[in-house]
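Here is the file data_6.csv (CSV, C-alpha atoms).
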```csv
chain,number,residue,atom,x,y,z
A,1,MET,CA,16.1,25.4,57.5
A,2,SER,CA,14.6,25.6,54.1
A,3,TRP,CA,10.8,25.8,54.0
A,4,LEU,CA,10.7,23.5,51.0
A,5,PRO,CA,8.5,20.5,51.8
A,6,GLU,CA,10.9,18.1,50.1
A,7,LEU,CA,14.7,18.0,50.1
A,8,ALA,CA,17.3,16.0,48.2
A,9,PRO,CA,20.0,14.1,50.0
A,10,GLY,CA,23.2,16.0,50.4
A,11,ASP,CA,25.9,17.3,52.8
A,12,THR,CA,25.0,21.0,52.6
A,13,GLY,CA,22.0,23.1,52.4
A,14,LEU,CA,22.6,24.0,48.8
A,15,ASP,CA,23.1,20.3,47.9
A,16,ARG,CA,19.7,19.5,49.5
A,17,VAL,CA,17.8,22.3,47.7
A,18,PHE,CA,19.6,22.6,44.3
A,19,GLY,CA,20.0,18.8,44.4
A,20,LEU,CA,16.2,18.5,43.7
A,21,ARG,CA,17.2,19.4,40.1
A,22,PRO,CA,20.5,17.4,39.8
A,23,ASP,CA,21.0,18.1,36.1
A,24,LEU,CA,20.9,21.8,36.7
A,25,TYR,CA,23.0,21.6,39.8
A,26,ASP,CA,25.7,19.7,38.0
A,27,ALA,CA,25.8,22.3,35.2
A,28,PHE,CA,25.7,25.1,37.7
A,29,ARG,CA,28.6,23.7,39.7
A,30,ALA,CA,30.7,23.2,36.6
A,31,PHE,CA,30.1,26.9,35.7
A,32,TYR,CA,30.6,28.2,39.2
A,33,ALA,CA,33.8,26.3,39.8
A,34,LEU,CA,35.5,27.8,36.8
A,35,PHE,CA,35.9,31.1,38.5
A,36,TRP,CA,38.1,29.6,41.3
A,37,THR,CA,39.8,26.7,39.5
A,38,ARG,CA,40.6,28.3,36.1
A,39,GLY,CA,41.9,31.6,37.4
A,40,LEU,CA,39.5,33.8,35.4
A,41,LEU,CA,40.0,36.5,38.0
A,42,ASP,CA,42.3,37.1,40.9
A,43,PRO,CA,40.9,35.0,43.8
A,44,VAL,CA,41.1,37.9,46.3
A,45,VAL,CA,39.2,40.2,43.9
A,46,LEU,CA,36.6,37.5,43.3
A,47,GLU,CA,36.1,36.8,47.0
A,48,LEU,CA,35.9,40.4,48.0
A,49,CYS,CA,33.2,41.0,45.3
A,50,ARG,CA,31.3,37.8,46.4
A,51,VAL,CA,31.2,38.9,50.0
A,52,ARG,CA,30.3,42.5,49.1
A,53,VAL,CA,27.4,41.4,47.0
A,54,ALA,CA,26.2,39.2,49.9
A,55,GLN,CA,26.5,42.2,52.3
A,56,LEU,CA,24.4,44.4,50.0
A,57,LEU,CA,21.7,41.7,49.6
A,58,GLY,CA,21.8,40.6,53.2
A,59,CYS,CA,22.7,37.0,52.5
A,60,ALA,CA,24.2,35.8,55.8
A,61,THR,CA,25.3,32.4,54.4
A,62,GLU,CA,27.4,33.8,51.6
A,63,GLN,CA,28.9,36.3,54.0
A,64,ALA,CA,30.0,33.5,56.3
A,65,VAL,CA,31.7,31.3,53.6
A,66,ARG,CA,35.4,31.8,53.0
A,67,TYR,CA,36.8,30.1,49.9
A,68,ALA,CA,40.3,28.8,50.3
A,69,PRO,CA,41.9,30.1,47.1
A,70,ALA,CA,41.4,33.7,48.3
A,71,ARG,CA,42.8,32.9,51.8
A,72,ASP,CA,45.7,31.2,50.1
A,73,ALA,CA,46.3,34.3,48.0
A,74,GLY,CA,46.5,36.5,51.1
A,75,LEU,CA,43.0,37.6,51.9
A,76,THR,CA,42.6,38.2,55.7
A,77,GLU,CA,39.7,38.4,58.1
A,78,ALA,CA,40.9,42.0,58.9
A,79,GLN,CA,40.4,43.0,55.2
A,80,LEU,CA,37.0,41.3,55.1
A,81,ALA,CA,36.0,43.1,58.2
A,82,ALA,CA,37.0,46.4,56.5
A,83,LEU,CA,35.0,45.6,53.4
A,84,PRO,CA,32.1,48.0,54.0
A,85,ARG,CA,34.8,50.8,54.2
A,86,TRP,CA,36.7,49.8,51.1
A,87,PRO,CA,36.7,53.3,49.5
A,88,ASP,CA,38.8,54.8,52.3
A,89,ASP,CA,40.5,51.8,53.9
A,90,PRO,CA,44.2,51.5,53.0
A,91,ARG,CA,44.0,47.7,52.9
A,92,PHE,CA,42.5,47.7,49.5
A,93,THR,CA,44.4,48.0,46.2
A,94,ASP,CA,43.4,50.1,43.3
A,95,ALA,CA,42.4,47.0,41.4
A,96,GLN,CA,40.2,45.8,44.3
A,97,ARG,CA,38.6,49.2,44.6
A,98,ALA,CA,37.8,49.3,40.8
A,99,ALA,CA,36.2,45.9,41.0
A,100,LEU,CA,34.2,46.7,44.2
A,101,ALA,CA,32.9,50.0,42.8
A,102,PHE,CA,31.7,48.1,39.7
A,103,ALA,CA,30.2,45.3,41.8
A,104,GLU,CA,28.2,47.7,44.0
A,105,GLN,CA,26.8,49.5,41.0
A,106,PHE,CA,26.0,46.2,39.3
A,107,VAL,CA,23.9,45.1,42.2
A,108,LEU,CA,22.2,48.4,43.1
A,109,ASP,CA,21.5,49.6,39.5
A,110,PRO,CA,23.3,48.2,36.5
A,111,HIS,CA,22.1,51.1,34.3
A,112,GLY,CA,24.3,53.2,36.5
A,113,VAL,CA,27.5,51.4,35.4
A,114,ASP,CA,29.2,54.1,33.3
A,115,HIS,CA,32.4,54.5,31.3
A,116,GLY,CA,34.4,55.4,34.3
A,117,LEU,CA,33.5,52.3,36.2
A,118,ARG,CA,34.0,50.1,33.2
A,119,ASP,CA,37.3,51.6,32.2
A,120,ALA,CA,38.7,51.4,35.7
A,121,VAL,CA,38.1,47.7,35.8
A,122,ILE,CA,39.6,47.2,32.3
A,123,ASP,CA,42.7,49.2,33.3
A,124,HIS,CA,43.4,46.7,36.0
A,125,LEU,CA,41.8,43.4,34.8
A,126,GLU,CA,41.7,43.9,31.0
A,127,LEU,CA,38.6,43.3,28.9
A,128,ALA,CA,38.5,39.6,29.6
A,129,GLY,CA,38.6,40.3,33.3
A,130,LEU,CA,35.7,42.7,33.0
A,131,VAL,CA,33.6,40.0,31.3
A,132,ALA,CA,34.6,37.4,33.9
A,133,LEU,CA,33.7,39.9,36.7
A,134,CYS,CA,30.3,40.5,35.1
A,135,GLU,CA,29.6,36.8,34.9
A,136,ALA,CA,30.7,36.2,38.5
A,137,LEU,CA,28.6,39.1,39.7
A,138,ALA,CA,25.6,37.7,37.9
A,139,LEU,CA,26.1,34.4,39.7
A,140,PHE,CA,26.7,36.0,43.1
A,141,ASP,CA,23.7,38.3,42.8
A,142,GLY,CA,21.4,35.6,41.5
A,143,PHE,CA,22.3,33.0,43.9
A,144,CYS,CA,22.2,35.2,47.0
A,145,ARG,CA,18.6,35.8,46.0
A,146,PHE,CA,18.1,32.0,45.3
A,147,ARG,CA,19.5,31.2,48.8
A,148,THR,CA,17.4,33.9,50.4
A,149,VAL,CA,14.1,33.1,48.8
A,150,LEU,CA,14.5,29.3,49.3
A,151,ALA,CA,16.0,29.7,52.8
A,152,VAL,CA,19.0,27.6,52.0
A,153,ASP,CA,20.9,26.5,55.1
A,154,GLY,CA,24.6,27.4,55.4
A,155,PRO,CA,27.3,28.4,57.8
A,156,SER,CA,26.4,31.3,60.2
A,157,THR,CA,30.0,32.0,61.3
A,158,PRO,CA,33.1,32.4,59.1
A,159,THR,CA,33.9,29.0,57.6
A,160,LEU,CA,36.8,28.1,55.4
A,161,VAL,CA,35.9,25.8,52.6
A,162,ALA,CA,37.8,24.3,49.6
A,163,ALA,CA,37.5,25.9,46.2
A,164,PRO,CA,34.2,25.0,44.5
A,165,SER,CA,34.5,22.0,42.2
A,166,ALA,CA,32.3,20.6,39.4
A,167,ASP,CA,31.5,17.5,41.4
A,168,GLY,CA,31.8,18.5,45.1
A,169,PRO,CA,29.4,20.0,47.5
A,170,LEU,CA,28.9,23.7,47.7
A,171,PRO,CA,28.4,25.3,51.1
B,1,MET,CA,23.9,24.6,1.6
B,2,THR,CA,22.3,25.6,4.8
B,3,PRO,CA,24.3,28.4,6.6
B,4,THR,CA,25.5,27.5,10.1
B,5,PRO,CA,23.5,29.6,12.6
B,6,ARG,CA,25.6,32.2,14.2
B,7,HIS,CA,26.0,31.9,18.0
B,8,PRO,CA,24.1,34.9,19.4
B,9,ILE,CA,26.8,35.9,21.8
B,10,GLN,CA,30.0,34.1,20.9
B,11,GLY,CA,31.0,36.8,18.6
B,12,ASN,CA,30.7,39.6,21.1
B,13,VAL,CA,32.5,40.5,24.2
B,14,LEU,CA,31.5,37.2,26.0
B,15,GLY,CA,33.7,35.4,23.6
B,16,THR,CA,36.7,36.7,25.5
B,17,GLN,CA,35.9,34.0,28.1
B,18,PRO,CA,35.2,31.0,25.9
B,19,GLU,CA,35.4,28.5,28.8
B,20,SER,CA,32.9,30.2,30.9
B,21,LEU,CA,30.7,30.9,27.9
B,22,ALA,CA,30.6,27.2,27.1
B,23,ALA,CA,29.7,26.4,30.8
B,24,PHE,CA,27.0,29.0,30.7
B,25,ASP,CA,25.6,27.6,27.5
B,26,ARG,CA,25.4,24.1,29.0
B,27,LEU,CA,23.5,25.5,32.1
B,28,TYR,CA,21.2,27.8,30.1
B,29,GLY,CA,20.6,25.2,27.5
B,30,LEU,CA,19.5,22.7,30.1
B,31,LEU,CA,17.2,25.2,31.6
B,32,TRP,CA,15.4,25.7,28.3
B,33,SER,CA,15.5,22.1,27.0
B,34,HIS,CA,14.5,20.2,30.2
B,35,GLY,CA,12.4,20.7,33.2
B,36,LEU,CA,9.0,20.7,34.9
B,37,VAL,CA,8.2,24.3,34.2
B,38,ASP,CA,6.6,24.8,30.7
B,39,HIS,CA,8.3,26.9,28.1
B,40,THR,CA,5.5,29.5,28.1
B,41,ALA,CA,5.9,30.2,31.8
B,42,LYS,CA,9.7,30.3,31.5
B,43,GLU,CA,9.5,32.8,28.6
B,44,LEU,CA,6.9,35.0,30.4
B,45,ALA,CA,9.2,35.1,33.5
B,46,ARG,CA,12.2,35.9,31.4
B,47,LEU,CA,10.5,38.8,29.6
B,48,ARG,CA,9.0,40.1,32.8
B,49,ASN,CA,12.4,40.0,34.5
B,50,ALA,CA,13.8,41.9,31.5
B,51,ARG,CA,11.1,44.6,31.7
B,52,ILE,CA,11.6,45.0,35.5
B,53,THR,CA,15.3,45.4,35.0
B,54,ASP,CA,14.8,47.5,31.8
B,55,CYS,CA,17.0,45.2,29.7
B,56,GLY,CA,16.3,46.0,26.1
B,57,TYR,CA,18.3,43.0,24.7
```
Represent the supplied structure as structure tokens.
Amino acid sequence: MSWLPELAPGDTGLDRVFGLRPDLYDAFRAFYALFWTRGLLDPVVLELCRVRVAQLLGCATEQAVRYAPARDAGLTEAQLAALPRWPDDPRFTDAQRAALAFAEQFVLDPHGVDHGLRDAVIDHLELAGLVALCEALALFDGFCRFRTVLAVDGPSTPTLVAAPSADGPLP
Amino acid sequence: MTPTPRHPIQGNVLGTQPESLAAFDRLYGLLWSHGLVDHTAKELARLRNARITDCGY
């Protein structure tokens, strides 16, 4: 339960916390939903990176959420369970490995993102994909920290939810 | 004739994702144009964050 002394009405923990600033929450949801609804990145790559960032930052809620577009595109619980072992596990494609290597360095020390990491992502996702990945990682990293600092409630076990939308609740 | 101000990031690599750039602009613009936190505090926090993460931009 969030430690905030006041909460907004809402169906989810994020609704109740971020809903305290409804204008910002609306603009945030419109931005966040784009990554799933407009196909800016492959949904499996996007989901793997989101969960990996949550693992690195110890955000239990984000680790428990499963967005439907990735599941619909073929992401399995077995692959998610293998995520900490992505460098050696055969379940991961070269494109997924390139994105995950980039994502890990982005979170741990962005100054350590070198030409090799960048070029590997561009080879698989093109330049526009690299830009979309950086934007998505900035959201994942920042809002794992947001959830952690404000103790935002959320699912504690794997929970499948619909694609984020500009006007719907976020888990 | 007054020249049109150049968008600071539209002309660079972020312009490869115009839809997300527009959505980001709306969110970031709201953050700076509205709110309970005064602009001085926001700017100090932004600069402090940039120093901690060593972001020269």
Margin query: Given only C-alpha atoms as the basis, pick out the residue of A:Leu139, A:Leu4, A:Arg21, A:Tyr32 nearest to Ala23 of chain B.
Written below: A:Tyr32
Mind running segment 1-59 of chain A against segment 89-111 of chain A at 8 Å and telling me each contacting residue's nearest atom pair with the distance in Å (one decimal), counting only C-alpha atoms, chain and number ascending, as a tab-separated table?
```
residue	atom	partner	partner_atom	distance
A:Val45	CA	A:Gln96	CA	5.7
A:Leu48	CA	A:Leu100	CA	7.6
A:Cys49	CA	A:Leu100	CA	5.9
A:Arg52	CA	A:Leu100	CA	7.5
A:Val53	CA	A:Val107	CA	7.0
A:Leu56	CA	A:Glu104	CA	7.8
```
Per-residue nearest contacts chain A to chain B, cut-off 9 Å, using all atoms listed in the file, as JSON lines:
```
{"residue": "A:Arg21", "atom": "CA", "partner": "B:Gly35", "partner_atom": "CA", "distance": 8.5}
{"residue": "A:Asp23", "atom": "CA", "partner": "B:Leu30", "partner_atom": "CA", "distance": 7.7}
{"residue": "A:Leu24", "atom": "CA", "partner": "B:Leu27", "partner_atom": "CA", "distance": 6.5}
{"residue": "A:Tyr25", "atom": "CA", "partner": "B:Leu27", "partner_atom": "CA", "distance": 8.6}
{"residue": "A:Asp26", "atom": "CA", "partner": "B:Leu27", "partner_atom": "CA", "distance": 8.6}
{"residue": "A:Ala27", "atom": "CA", "partner": "B:Leu27", "partner_atom": "CA", "distance": 5.0}
{"residue": "A:Phe28", "atom": "CA", "partner": "B:Leu27", "partner_atom": "CA", "distance": 6.0}
{"residue": "A:Ala30", "atom": "CA", "partner": "B:Ala23", "partner_atom": "CA", "distance": 6.7}
{"residue": "A:Phe31", "atom": "CA", "partner": "B:Ala23", "partner_atom": "CA", "distance": 4.9}
{"residue": "A:Tyr32", "atom": "CA", "partner": "B:Ala23", "partner_atom": "CA", "distance": 8.6}
{"residue": "A:Leu34", "atom": "CA", "partner": "B:Ser20", "partner_atom": "CA", "distance": 6.9}
{"residue": "A:Phe35", "atom": "CA", "partner": "B:Ser20", "partner_atom": "CA", "distance": 8.2}
{"residue": "A:Arg38", "atom": "CA", "partner": "B:Glu19", "partner_atom": "CA", "distance": 9.0}
{"residue": "A:Leu40", "atom": "CA", "partner": "B:Gln17", "partner_atom": "CA", "distance": 8.1}
{"residue": "A:Asp109", "atom": "CA", "partner": "B:Thr53", "partner_atom": "CA", "distance": 8.7}
{"residue": "A:Pro110", "atom": "CA", "partner": "B:Thr53", "partner_atom": "CA", "distance": 8.6}
{"residue": "A:His111", "atom": "CA", "partner": "B:Asp54", "partner_atom": "CA", "distance": 8.5}
{"residue": "A:Leu127", "atom": "CA", "partner": "B:Thr16", "partner_atom": "CA", "distance": 7.7}
{"residue": "A:Ala128", "atom": "CA", "partner": "B:Thr16", "partner_atom": "CA", "distance": 5.3}
{"residue": "A:Gly129", "atom": "CA", "partner": "B:Gln17", "partner_atom": "CA", "distance": 8.6}
{"residue": "A:Val131", "atom": "CA", "partner": "B:Leu14", "partner_atom": "CA", "distance": 6.4}
{"residue": "A:Ala132", "atom": "CA", "partner": "B:Gln17", "partner_atom": "CA", "distance": 6.8}
{"residue": "A:Glu135", "atom": "CA", "partner": "B:Ser20", "partner_atom": "CA", "distance": 8.4}
```
Checklist line | Point-to-point distance from atom CA of Ala64 of chain A to atom CA of Val161 of chain A, Å rounded to tenths | finding: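 Interatomic distance here is 10.4 Å.
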Next item on the list: For each of A:Pro9, A:Pro169, A:Gly58, A:Pro69, take the minimum atom-to-atom distance to Val149 of chain A, counting all atoms listed in the file, then give the residue where this is smallest.
Entry: A:Gly58
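By only C-alpha atoms, and with residues fewer than 6 positions from Leu150 of chain A along its chain excluded, the set lying at most 10 Å from it is A:Met1, A:Ser2, A:Trp3, A:Leu4, A:Leu14, A:Val17, A:Phe18, A:Cys144.
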Item checked: Shell around Ala163 of chain A at 8 Å using all atoms listed in the file, local window under 6 positions removed, as a list in words ->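 In the requested format, the answer is Ala33, Trp36, Thr37, Tyr67, Ala68 and Pro69 of chain A.
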Margin query: Env of Ala60 of chain A: 10 Å cut, atoms = all atoms listed in the file, seq-sep filter 5 positions within chain, self excluded. Answer as a PyMOL selection string.
Written below: chain A and resi 51+54-55+65+144+147-148+153-157
Margin query: Using all atoms listed in the file, can you tell me which of A:Ala81, A:Ile122, A:Leu75, A:Leu20 comes closest to Val44 of chain A?
Written below: A:Leu75
Notebook entry, point to check: Distance atom CA of Val121 of chain A-atom CA of Arg51 of chain B, one decimal place?
Noted result: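 So the answer is 27.5 Å.
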Check: Can you list, as a PyMOL selection string, every protein, DNA or RNA residue that comes within 8 Å of Arg50 of chain A when you count all atoms listed in the file, leaving out same-chain residues fewer than 4 positions away?
Finding: chain A and resi 46+54+62+137+140
